[in-house]
Every structure is written in structure tokens, then in C-alpha cells.
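A.B. asks: Here it is, the structure in full.
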Amino acid sequence: MSVKLMGLSLSFVLALGNSAFAQQDYPNRPIHMIVPLPAGSAADGVARIVLPVAEKYLGQPFIVENEGGAASIPGTARAAKAAPDGYTLLWGTVATQVSNPNMFKALPYDPAKDFTAVARVAGQSMILAVPTSSKIDNVAKFVAKAKEAGNLSYASAGIGTSAHLCAELLKLKTGVKLRHIPYQGGTQSVLDLIRGETSMMFYSLAQFQPGLQSGELKLIGIAGDQRSKFTPDLPTLKEQGFDVVLNSWYGVYARSGTPSAIVDKVADAINRALKDPGVIAALDKTGSEVYATATPAEYQTFTDTERKRYGEIIEAAGIPKS
């Protein structure tokens with residue numbers, strides 16, 4: 001073997017050794033977690049419950065960096081440009097990984113190419129609520145009333161949100177005509193639902209609490225695969241004969257190309273944190289269901305499947321891309 005070839009071979013071996021050592025040594029400094037939503041948002045709240053416990057298993061702190069606004073696009077795009085070394089991660093959502101690529105003509109990131117799934121964390125099933133004054137107590141009665149009236153409206157926290165797309169899925173499954181009233185956020189939309197200015201709304205349980213406590217809102221179904229532990233007496237829409245399943249969720253993603261050994265270390269820490277009784281109790285207070293079951297590969301499959309399914313819903317509903 002020539003001296004030149006020997007040198008190249010030695011360099012290759014050293015590079016492999018350094019890469020293996022970096023993975024074995026991970027993490028040896030703080031990990032930056034980009035949360036592409038404002039501080040105090042639901043996603044941010046869940047991150048700040050889970051991460052302080054997960055970091056105990058990694059031996060390094062998570063530094064949460066909030067970068068909200070513009071449909072979570074700027075923060076997600078920054079994470080997509082990070083080095084694939086596990087030191088900058090994304091606290092992804094159904095919006096960043098699933099809805100946005102189906103709602104926007106052009107994004108400064110590609111969730112399918114730029115990210116790899118790490119750990120599915122938690123989420124909330126969308127719940128269908130109506131004003132108590134409507135006298136409606138199940139989904140079939142709402143659908144019948146909507147077909148009879150022909151002009152009922154529904155509220156959402158914004159175009160492309162889980163609340164919006166869940167209602168569109170109900171329309172597709174039943175053929176009812178409902179007028180969409182999008183709001184900039186959830187608070188005002190729920191208040192107007194309580195007042196009866198809109199006829200129904202899908203949203204998370206926590207957002208409906210003021211209306212439930214006052215007795216002005218009634219829950220008539222949950223768009224989950226199964227009933228929620230928070231509302232065990234509330235039947236799913238599937239139980240009531242309507243195949244409508246759609247959740248809002250959060251999870252961790254790394255830059256594509258991040259070594260699998262690093263991905264597995266982070267996933268293990270997150271999943272161990274999600275089994276902690278204190279974390280579970282804190283998440284219960286937010287109305288979040290824990291998803292500490294998926295491996296990175298399973299979570300990747302789930303993400304890809306949801307992106308395709310959301311795209312089909314958006315296309316069938318005729319929602320234009322912006």
C-alpha cells in the first residue's frame with residue numbers, strides 16, 4: 001500500500017473514531033430546545049414540565065428558546081439549519097411537522113427532509129362543544145340540526161389549526177354545510193361560542209373550562225381513538241358513528257443526519273421523564289395525555305402518516321394554500 005493510501009486510510013479510521021467518541025460522549029454541554037411558540041403557550045408549558053426531568057437522565061440542562069409567531073415557521077426553520085449533532089433540537093407540533101407543509105405553498109424548511117423524529121411527548125384530543133342553550137346533547141343531533149338549518153357556523157382558533165381541520169373532517173364525513181369563523185387565538189372564539197354567536201367548536205378541554213364551569217357549554221364528543229381519562233363519560237365521535245379522529249400533539253425532533261445513538265439517548269431521557277409521577281401529575285393539570293410509548297422509528301412513521309392524512313383532509317376540504 002502506498003504512503004498516500006495509508007494516510008487516507010488512517011484519516012478515515014480517525015474520523016470514524018472521533019465520530020464514535022462524540023456519540024458516546026454526548027451530551028457534554030447544554031442542549032438547546034427551540035420551542036417555535038411564545039413563552040406561556042400550551043406547547044411551551046408542556047416542554048417546561050418535561051424537560052427539567054429529562055435533563056436529569058442526560059446529565060446536561062435543556063435551554064428552552066422560544067421563537068413564536070408566523071405560524072411557528074421562523075423557529076422551525078432555524079432548527080432545520082442546526083448542525084446534526086443533537087445540541088439543537090425542535091419542540092415540534094402538529095403545525096410545524098404536519099399542517100404547515102400542507103397549508104403553505106413554500107416553507108423555508110422541509111419537515112420530511114430536514115428532521116428526524118425523536119420522541120412523541122403529549123397532546124390533547126379535540127373535543128366538540130356546543131352552547132348549552134342549543135339543547136343538543138350528542139353529535140347525531142348536531143348533524144341533524146346542521147342539515148336542517150343549512151347555515152350554522154363553527155369557530156376555530158385559526159385557519160389550519162387542529163380545531164379548524166377537525167371541523168372540516170366532520171363536514172367531509174357527514175356532508176353538512178357549516179360556515180367557518182376563524183379567530184386569532186382561542187380565548188375570544190370560546191367566549192363567542194358561549195354567547196351562542198357560533199354553533200359549535202372543536203378545541204382542547206382546558207380551553208372550554210370557563211364555559212363548563214358556568215354551565216354555558218356542553219361537551220358532546222371527543223375526536224380521539226378512545227375516551228380520555230379526563231372525560232371518561234364522554235363518548236368518542238367514532239362511538240357515535242362518525243369516523244372523526246384528530247389530535248393536537250407535541251414531540252421532539254432532531255436535525256436529519258443526527259446519529260441514531262444520540263437520537264436514542266434523547267428519546268430514552270424523554271420517555272423516562274414521561275413516566276415520572278410528578279411529570280404525569282403536572283401534565284394532568286394541563287389536560288395533556290402522555291404518549292411515552294413510541295420509539296423514534298414509530299414516531300417517524302406516525303409523523304409521516306399524519307402529514308399525508310392532513311394533506312388529504314385539506315385538499316378534500318378545498319382549503320387554499322397561502
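Identifiers in this document derive from the order of the C-alpha cells: chains are assigned A, B, ..., residues are numbered from 1 separately in each chain, and ligands are numbered from 1 in order of occurrence.
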Taking the DSSP secondary structure from the backbone, can you list the residues of range 128-255 of chain A that are helix (DSSP H, G or I), as a ChimeraX atom specification?

C.D. replies: /A:132-134,139-149,162-174,187-194,205-214

A.B. asks: Would you please work out which residue, of A:Phe202, A:Tyr183, A:Tyr310, A:Tyr299, is nearest to Ala119 in chain A when using only C-alpha atoms?

C.D. replies: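 Using only C-alpha atoms, the shortest distance to Ala119 in chain A belongs to A:Tyr299.
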
A.B. asks: Closest to Ala294 in chain A among A:Ala117, A:Leu152, A:Ala112, A:Cys166, using only C-alpha atoms?

C.D. replies: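 The answer is A:Ala117, which sits nearest to Ala294 in chain A.
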
A.B. asks: Find the residues around Gly69 in chain A up to 9 Å (only C-alpha atoms counted), leave out those fewer than 5 positions away in its own chain, and share them as JSON, numbers by chain.

C.D. replies: {"A": [36, 37, 38, 74, 75]}

A.B. asks: Could those selected residues go to a file with N, CA, C and O atoms, as an mmCIF file, in the first residue's frame?

C.D. replies:
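Saved result, out_24.cif, follows:
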```
data_model
loop_
_atom_site.group_PDB
_atom_site.id
_atom_site.type_symbol
_atom_site.label_atom_id
_atom_site.label_comp_id
_atom_site.auth_asym_id
_atom_site.auth_seq_id
_atom_site.Cartn_x
_atom_site.Cartn_y
_atom_site.Cartn_z
ATOM 1 N N PRO A 36 -41.002 26.738 18.940
ATOM 2 C CA PRO A 36 -41.382 27.775 17.979
ATOM 3 C C PRO A 36 -42.723 28.434 18.282
ATOM 4 O O PRO A 36 -43.500 28.728 17.383
ATOM 5 N N LEU A 37 -42.957 28.666 19.556
ATOM 6 C CA LEU A 37 -44.188 29.281 20.046
ATOM 7 C C LEU A 37 -43.832 30.178 21.218
ATOM 8 O O LEU A 37 -42.774 30.010 21.848
ATOM 9 N N PRO A 38 -44.699 31.125 21.565
ATOM 10 C CA PRO A 38 -44.366 32.061 22.649
ATOM 11 C C PRO A 38 -44.271 31.377 24.011
ATOM 12 O O PRO A 38 -44.887 30.334 24.254
ATOM 13 N N PRO A 74 -40.579 30.580 11.689
ATOM 14 C CA PRO A 74 -39.196 31.029 11.891
ATOM 15 C C PRO A 74 -38.388 30.126 12.825
ATOM 16 O O PRO A 74 -37.244 29.771 12.515
ATOM 17 N N GLY A 75 -38.974 29.752 13.955
ATOM 18 C CA GLY A 75 -38.251 28.899 14.890
ATOM 19 C C GLY A 75 -37.963 27.531 14.314
ATOM 20 O O GLY A 75 -36.874 26.971 14.493
#
```

A.B. asks: Give the answer as one residue: which of A:Tyr253, A:Phe242, A:Tyr57, A:Tyr87 has the shortest atom-to-atom distance to Ala140 in chain A, using only C-alpha atoms?

C.D. replies: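 The shortest atom-to-atom distance to Ala140 in chain A comes from A:Phe242.
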
A.B. asks: Nearest to Tyr250 in chain A: which of A:Val53, A:Ala163, A:Val176, A:Val290 is it, counting only C-alpha atoms?

C.D. replies: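 Smallest distance to Tyr250 in chain A is found for A:Val290.
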
A.B. asks: Residues within 12 Å of Ser41 in chain A, please, as an MDAnalysis selection string. Count only C-alpha atoms; anything in the same chain fewer than 2 positions from it doesn't count.

C.D. replies: chainID A and resid 35:39 43:48 66:69 72 185:186 286

A.B. asks: From the set A:Thr295, A:Ser214, A:Thr161, A:Thr305, which residue has the shortest atom-to-atom contact distance to Pro131 in chain A, counting only C-alpha atoms?

C.D. replies: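 Ranked by minimum distance to Pro131 in chain A, first place goes to A:Ser214.
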
A.B. asks: Please list as number ranges by chain every residue within 8 Å of range 91-101 of chain A, counting only C-alpha atoms and excluding residues in the same chain fewer than 5 positions away.

C.D. replies: A: 33-36, 43, 47, 71-73, 76, 106-107, 110-111, 160-162, 248-253, 303-304, 306-308, 310-311

A.B. asks: Could you check the closest approach to Ser189 in chain A for each of A:Ser125, A:Ser156, A:Thr301, A:Asn28 and tell me which residue wins, using only C-alpha atoms?

C.D. replies: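 Of A:Ser125, A:Ser156, A:Thr301, A:Asn28, the one nearest Ser189 in chain A is A:Ser156, counting only C-alpha atoms.
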
A.B. asks: Taking only range 76-319 of chain A into account, list the residues labelled strand (DSSP E) by DSSP (computed from the backbone), as an MDAnalysis selection string.

C.D. replies: chainID A and resid 88:93 115:125 127:131 153:156 179:182 200:203 217:222 247:255 289:290
